[in-house]
Amino acid sequence: MDSASLTSLAANFGAGIAIGLGAIGAAIGEGHTAAQASPAISRNPQMAGEVFKTMLVGQAIAESASIFALVVALVLLFTNLPVSSYLTACAFLGASLSMGFGAIGSGVGSGFPAGATCHGLVRQPAMANKLTTNMLIGSAVCQTPSIFSLVIAFILMFGDYSAAAPAPLWAALIGAGVSTGLSAIGAGLGGGLVAQSCCEGIARQPRAAGALTNSMLLGQAITQTTAIYGLLIGFILLFKHHPETNSIAAAMALLSAGICMGIGGIGPGIGEGFTAQGAVKWIARNSEGIGEITRSMLVGMAVAESTGIYSMVIALVLIFVV
Amino acid sequence: MGNLGEVHQLILSLAGWKMVFNLDSIVMSWIVIAVLLTFGTLAVRKRDVIPHRLQVVGELIVGSLYQLTEDAMDKEKAEKYGPLVVALFLFLTLSNWLGIIPHLDEPTKDLNTPLALGIMGFVIAHFVGIRSKGWKAYLGEYFQPFIIMMPLNIIGELAKIVSISFRLFGNIMGGAIIILVVSHLTFSVVLPPFLNAFFGLFVGTIQAFVFTMLTIVYISVQTN
Amino acid sequence: MAIEGVDLIKAAAFLGAGLSMGLGAIGPGVGEGMAAAKACEAIGKNPKEAGLLTRTMLVGQAVSESTGIYSLVIALLLLFVV
């Protein structure tokens, strides 16, 4: 089977996977937002217009991750990208896995703050502007892991593989996609949880708005570290020079490094999200204790990160030592 | 679209060592520095109790960032590290905004810039930690809570550099890619400027803020 | 079974179409279900506002459907155009 056909095959299949997986998260997140809008309106029908508008804006941001997936699917189907060898086919598969998985977490995550803002609006109508701004900031930062997936997907799709030896680079390409894509799930979900409790907190305690936004950004930033590790392993797999060998063991080592970092990044992302969510929730209820709470949040997140670091270490060992 | 990876480089060979200068990033960084220095000079000229416009902007920025630093560390340390924080934030914000102007690129689109700033923050934090705690207490921290945790603690510290640098790089690079792709796929005049504004201004400011805040947090964690 | 280039590409396109629509149907299903559930609850608490709440629910569900539509479009493209 020649490279051109194999590449078309991978492009078609990959487009299906990319949009199929990518559609899941955004829809769930948007559904959650719509679900939170109903009780809010029922509680205070006069604010229906405001709540409705906010719901739509929040849903639009949650949609952006799946739009990235749609863009990747369309580029795979319709752009005539140069075909070098069967490496291009593997690159397309890696790109579609990266963007497909990467859009799940951010989609679901961005739905959470939008829902909390709908509730917050009916609770504190006077804070409408601040709440909406905070929701926009939180949702936008929550999209970061899917942006990382998009970067890897594009590097994979537009890379030039004519000069490279096929084995074991094929496994590295797929592994890079899997690593970035899967690890973005946990980080996206976690970031969304933090943003949710921040929006709730501002509605509860408008005076603490500044401190809460700072804590939210800090919490989200640290929650996204496992997605960054996934991105790092992806970059290493893509740009390191792999010595040419036909052994299947070397190829599987690279693929497994990607899988290891990818799946390993899910848990810490969600766990750190819970931590930051709890911290922000209680900073809203007890603004004086912000120093203590933040310190204990940082320590807790650092420990929760440890299995993510173990995964990264094993992935690095698989790439460099074995 | 294939020219996304092209970077103008100046490669010099000096006594067996090869030095590579990424001209784009260097020139863009100089532009940012020139703008900031001009703003700074103009803002402090003719200082008055009733401030003129530039002075108001300057006081606003410096005031709010000093407040942020004070919240994380105590007052005297905040006085010492305040200038670093403001400089970092202004440099990053302006760098991320530079991409909106046509034919100009963000210096943070090159991995070297965020990585350099991340390493700088890391070195400052650890230097401050050693100076305030002394060598023994500083090294002792790596062996907490169990001795075998030492390699993991070291990796954790190094991972901090990686995480803040790559976060900034990934966001800015991702924004640039998205704008490029959408402009390529649609024949619209309306959509790309909105995207440009969103990614360049909005995401750029937030990421600059997150980077600065994390640097503050790392410094304050080392001095406790 | 003659496995040829063109045949295999079509096979992959069909597989992709199936996966695209199959996976793509998960999300809108869950999301719209959550929206409807909460709307029922809300109407139960406040039956007077049933009209407003139903309208809001439908619009929210329509937006949530959009990613499902993207999957449908890609699936149709894979089936008939590629």
# chains A, B, ... in the order shown; residues from 1 in each chain; ligands from 1
>>> residues_around(residues="Val221 (chain B)", least_positions_apart="6", cutoff="10 Å", atoms="only C-alpha atoms", output="PyMOL selection string")
(chain A and resi 295+298) or (chain B and resi 72-73+125-126+129+215)
>>> residues_around(residues="Ser42 (chain A)", least_positions_apart="3", cutoff="7 Å", atoms="only C-alpha atoms", output="list in words")
Ser38, Pro39 and Pro45 of chain A; Ala42, Asn46 and Glu49 of chain C
>>> residues_around(residues="Ala25 (chain C)", least_positions_apart="2", cutoff="9 Å", atoms="only C-alpha atoms", output="PyMOL selection string")
(chain A and resi 20+23-24) or (chain C and resi 20-23+27-30+67-68+71-72)
>>> residues_around(residues="region 167-174 of chain B", least_positions_apart="6", cutoff="9 Å", atoms="only C-alpha atoms", output="VMD selection string")
(chain A and resid 144 to 145 147 to 151 221 224 to 225 228 231) or (chain B and resid 96 106 108 to 111 113 to 115 199 to 200 203 to 204 207 to 208 210 to 211)
>>> write_last_selection(atoms="C-alpha atoms", output="mmCIF file, in the first residue's frame")
data_model
loop_
_atom_site.group_PDB
_atom_site.id
_atom_site.type_symbol
_atom_site.label_atom_id
_atom_site.label_comp_id
_atom_site.auth_asym_id
_atom_site.auth_seq_id
_atom_site.Cartn_x
_atom_site.Cartn_y
_atom_site.Cartn_z
ATOM 1 C CA THR A 144 -5.419 26.637 27.691
ATOM 2 C CA PRO A 145 -4.992 22.834 27.646
ATOM 3 C CA ILE A 147 -4.765 25.293 22.928
ATOM 4 C CA PHE A 148 -1.741 23.143 23.789
ATOM 5 C CA SER A 149 -3.390 20.214 21.968
ATOM 6 C CA LEU A 150 -3.995 22.452 18.963
ATOM 7 C CA VAL A 151 -0.330 23.483 18.872
ATOM 8 C CA ALA A 221 -2.291 27.866 36.603
ATOM 9 C CA GLN A 224 -2.622 23.044 34.332
ATOM 10 C CA THR A 225 0.888 21.829 35.084
ATOM 11 C CA ILE A 228 2.206 21.297 30.384
ATOM 12 C CA LEU A 231 3.024 19.195 26.065
ATOM 13 C CA ASN B 96 2.049 39.676 24.148
ATOM 14 C CA GLU B 106 5.539 38.689 19.862
ATOM 15 C CA THR B 108 7.282 35.502 23.585
ATOM 16 C CA LYS B 109 6.425 33.398 20.521
ATOM 17 C CA ASP B 110 10.019 32.146 20.642
ATOM 18 C CA LEU B 111 10.497 29.604 23.419
ATOM 19 C CA THR B 113 12.076 34.359 25.910
ATOM 20 C CA PRO B 114 9.639 32.710 28.363
ATOM 21 C CA LEU B 115 12.277 30.128 29.285
ATOM 22 C CA PHE B 199 -5.972 36.140 21.768
ATOM 23 C CA GLY B 200 -3.535 38.992 21.673
ATOM 24 C CA VAL B 203 -5.274 36.038 26.693
ATOM 25 C CA GLY B 204 -1.942 37.891 26.503
ATOM 26 C CA GLN B 207 -1.033 34.969 30.825
ATOM 27 C CA ALA B 208 1.376 37.803 31.625
ATOM 28 C CA VAL B 210 -0.371 34.553 35.714
ATOM 29 C CA PHE B 211 3.386 34.379 34.975
#
>>> residues_around(residues="region 75-86 of chain B", least_positions_apart="3", cutoff="8 Å", atoms="only C-alpha atoms", output="JSON, numbers by chain")
{"B": [61, 62, 65, 66, 69, 70, 89, 90, 212, 216]}
